[in-house]
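Okay, structure first, notes after.
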Amino acid sequence: MLKIGAGLLCIAATTLMLELTLVRVFDVIWYSNMAYMIITLAMFCFGLSGVYCSLRPIKKTTDINRYLSVLAFLFSVFSLLILPALNLLPLDFNLLYSDPLQASGYFLIMYFFLVMPFFLAGLIFTTVFSAYAGRIQKLYCWDLTGAAIGCLLLIPFLPPIGPGGILFLSAGLGLVASGCFSAKKSFSIAAYVLAVVVALVPFLKSDYFEFKSHVSKRGVKSAMEKNLIEDSHWDPISKIDVIDFGKMKHVAYDGGSQSTYIIPFDGNFVKLREDIKKGRGYHFYGSFVYVSHALKQDTDQDVLVIGAAGGSEIKAALTFGASHVDAVELVGYVVDLGKTKYAKYNGGIFNNPKVNAQKGEGRSFLRSTDKKYDIIQIFSNHTSSSIAAGTGAMATTYLQTAEAYQEYLTHLKADGILHVNHHVYPKMISTAALAWKRLGRSDFQKHVLVIEAVKEGFQDNLPTMMIKESPWTPEEVQQVQSYFSHVFKLVVNPLDPSTNMLSAEFFNGNLTAATANNVAYQVEASTDNRPYFNFLRKSIKKLDADPDNFMNYSTAALLNSQLKNGWIPSDVVHLFVTGGASLFFILLFIGIPMLFSKAGREKWNGKISSLLYFSCLGAGFIIFELVFIQIFMKLIGYPLYTYSTVVFAVLLASGVGSLLSGRLGVTPKRLWYMPFIGIFICSIALLLVQQQYFELFLQSPTIVRILAAFGLIFPVGLFLGMAFPLGILTIADKPNGSIAWAWAMNGLFTVVGGLASVVLSIYYGFNITLVVAILIYFLAFIVYARLRAAVV
């Protein structure tokens with residue numbers, strides 16, 4: 001049984017690692033929302049294996065060890081086949097709109113190769129749990145512990161071998177599992193040797209096994225086809241490609257989803273300032289990069305740049321006489337490039353003695369210091385990574401929330417400036433105004449200005465908002481305008497509010513529901529509880545500029561640009577597709593076994609209750625996990641560390657809980673209520689104390705914050721891990737295939753619950769979503785009581 005458990009651990013670790021790897025791959029070759037959709041569709045087949053096993057249960061004469069070994073071997077083969085399948089069938093997402101028939105054909109072939117590893121892994125779990133139901137508490141511990149390990153493996157292995165190499169590593173672990181499952185010693189030894197050989201392949205290769213780009217994003221696909229990539233690296237957060245554009249270096253994040261540029265510079269700041277005055281050269285994207293620095297020039301200003309990227313903001317600060325620049329960048333490899341390979345090319349700005357450039361997350365950096373700045377600058381800061389965002393479905397934007405603005409404002413000096421370039425300035429204003437109000441301040445309108453390009457047919461996605469600690473003076477406003485051409489207008493004027501498109505309530509931090517409902521997009525303030533700043537859409541209608549209802553042209557154009565064929569909203573289409581697929585699979589998972597399997601056709605006590613019970617566990621568990629990722633983002637800060645800490649803590653604690661339930665004697669006959677009482681007490685306590693608990697550790701070192709998060713999550717996870725094996729023990733003697741069906745429903749509603757958590761958190765926030773998860777487990781408690789009464 002030890003070898004069975006070890007094999008199960010390997011498959012669990014590999015499955016989660018493979019899932020995360022493919023999310024990263026589709027972030028690059030498609031987009032992050034499409035990555036969420038395609039992996040969600042693939043994960044349905046993890047549960048579909050249970051439906052298959054309910055229709056064709058394992059016969060008593062079947063050699064279980066041989067069967068599991070073959071499944072694990074096939075898992076290894078299909079893991080390797082994903083790379084050639086995706087490269088031979090590049091699918092431009094736009095083809096779905098222009099030629100849906102051809103695109104659907106490509107998609108189905110690609111989908112087959114994607115789902116097979118998950119389907120095979122599901123067959124392994126279903127078979128083991130069905131064959132050894134009496135030992136489920138130990139086996140489930142092996143499963144969850146392996147998954148906990150799998151979520152960590154990606155971090156150290158992705159940079160050196162890339163996702164293509166991870167597929168070889170997955171295949172190697174699959175072969176190890178095949179050897180563990182086999183009863184033949186000779187085969188096991190051969191499988192282990194082959195596993196080592198396969199796993200070593202990517203480490204012996206000098207470069208990555210690359211995935212071809214499916215979608216053209218900012219010229220990266222073309223550059224790859226023409227071998228114009230100078231440097232390529234898989235950072236745990238984003239893939240980075242550097243392309244030589246001749247007059248500058250294009251640094252592309254995730255295949256071109258985001259970009260920055262390294263502009264050649266000789267290090268002569270005096271000459272650079274003269275060039276700017278005379279309009280010579282191309283040192284910046286525009287004056288909106290350096291305007292705040294020009295306002296503070298030669299005052300020995302302290303500057304913080306959040307999202308240093310290629311270094312333009314650092315260069316602007318140094319050009320205008322900054323005495324010190326703290327520059328924080330989430331993707332550490334970009335900082336490394338600036339300090340090493342391109343140090344001479346960029347004029348040595350990252351190595352300048354006045355510059356402290358480091359890998360990190362902006363808000364975490366601010367919490368770690370009491371320093372105040374003359375300028376805090378955030379220029380077009382987005383993440384294209386599903387892992388960084390935490391959900392994948394809809395990007396969370398923690399740099400654009402009211403709580404984030406509170407942290408910025410409290411780190412400014414008495415006359416300091418917060419300089420932000422981001423799209424949709426009305427929502428930026430409502431969010432910043434709420435922060436201003438929470439700080440007990442008034443007259444926000446006198447402290448904020450916005451400059452936007454106002455030109456017919458021009459969509460300005462980077463309006464300049466500057467918030468000043470002291471009120472703006474006429475001289476300062478005039479100076480700001482002098483740095484911009486006539487195309488840029490002062491759309492939020494601190495001196496003359498009558499010229500603003502926005503009404504006074506946008507600035508007082510108390511935007512009424514009536515006003516918000518009347519605006520044709522989501523304009524309410526973004527908060528840490530609902531950090532979906534970029535979720536703007538209310539309808540799929542084409543929008544027009546409507547200043548009377550606070551709709552500027554650029555916002556309307558942004559939303560319209562996301563409508564493919566004039567009516568398909570590409571920004572949220574993945575939610576519609578996933579929702580539709582969820583309904584289809586619910587009917588499939590319930591109807592097919594009910595009609596054609598022995599477990600479905602036979603009458604047995606507790607059949608409906610057992611299906612509902614395992615569905616509740618699937619939905620409730622994943623909602624807890626996903627909401628915890630977002631809630632603990634505030635405490636841990638760095639997105640990748642948060643994701644890894646939370647998933648590892650929940651899975652490891654659940655594995656320990658499963659094992660502990662066996663030691664404590666939690667069975668259908670005794671102590672069956674313990675898991676549910678524990679979940680209710682620990683989760684409600686976490687919800688009530690989280691804010692005060694976070695305050696104790698927010699300024700602690702990262703490792704302390706990670707351990708603090710682990711400590712708060714572990715008790716909840718401990719009890720979450722007890723509920724699933726309890727259910728399996730309860731139906732262990734039911735018709736052959738019933739456990740497989742229960743596993744299918746659990747897997748199905750894990751995916752459905754993930755979708756529900758996203759939708760709920762978008763509209764109601766994370767706290768309400770967590771309450772929903774608690775209520776789902778309360779429903780599971782009631783259902784289990786009925787199930788137990790029927791079968792015990």
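Residue numbering restarts at 1 in every chain; chains get A, B, ... in the order shown in the structure tokens, and ligands count up from 1 in that same order.
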
Pick out the residues sitting within 10 Å of Phe284 (chain A), and hand them over as a CSV table (one decimal) with C-alpha atoms, in the first residue's frame; count only C-alpha atoms, and ignore anything fewer than 6 positions along from it in its own chain.
chain,number,residue,atom,x,y,z
A,261,TYR,CA,11.1,49.4,-24.0
A,262,ILE,CA,14.7,50.0,-23.3
A,263,ILE,CA,15.7,53.1,-25.1
A,276,ILE,CA,13.8,67.3,-23.9
A,290,TYR,CA,8.3,62.8,-16.8
A,311,GLY,CA,13.5,52.0,-16.7
A,312,SER,CA,12.0,55.1,-18.4
A,313,GLU,CA,10.6,56.4,-15.1
A,315,LYS,CA,15.6,57.8,-16.1
A,316,ALA,CA,13.1,60.6,-15.9

Residues at most 10 Å from region 242-249 of chain A, counting only C-alpha atoms, excluding those fewer than 6 positions away in the same chain, as a PyMOL selection string? chain A and resi 219-220+223-224+227-233+259-265+282-283+310+334+337+342+345-346

By how many Å are CA of Met465 (chain A) and CA of Val492 (chain A) apart? 8.7 Å

Two-atom distance - CA of Gly267 (chain A), CA of Gly348 (chain A) (Å):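 These atoms are spaced 6.8 Å apart.
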
Give me, as a list in words, all polymer residues having an atom no more than 7 Å from Phe46 (chain A), counting only C-alpha atoms and skipping those fewer than 3 positions away in the same chain.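 So, after excluding close chain neighbours, the residues are Met43, Ser49, Phe118, Phe119, Ala121, Gly122 and Gly747 of chain A.
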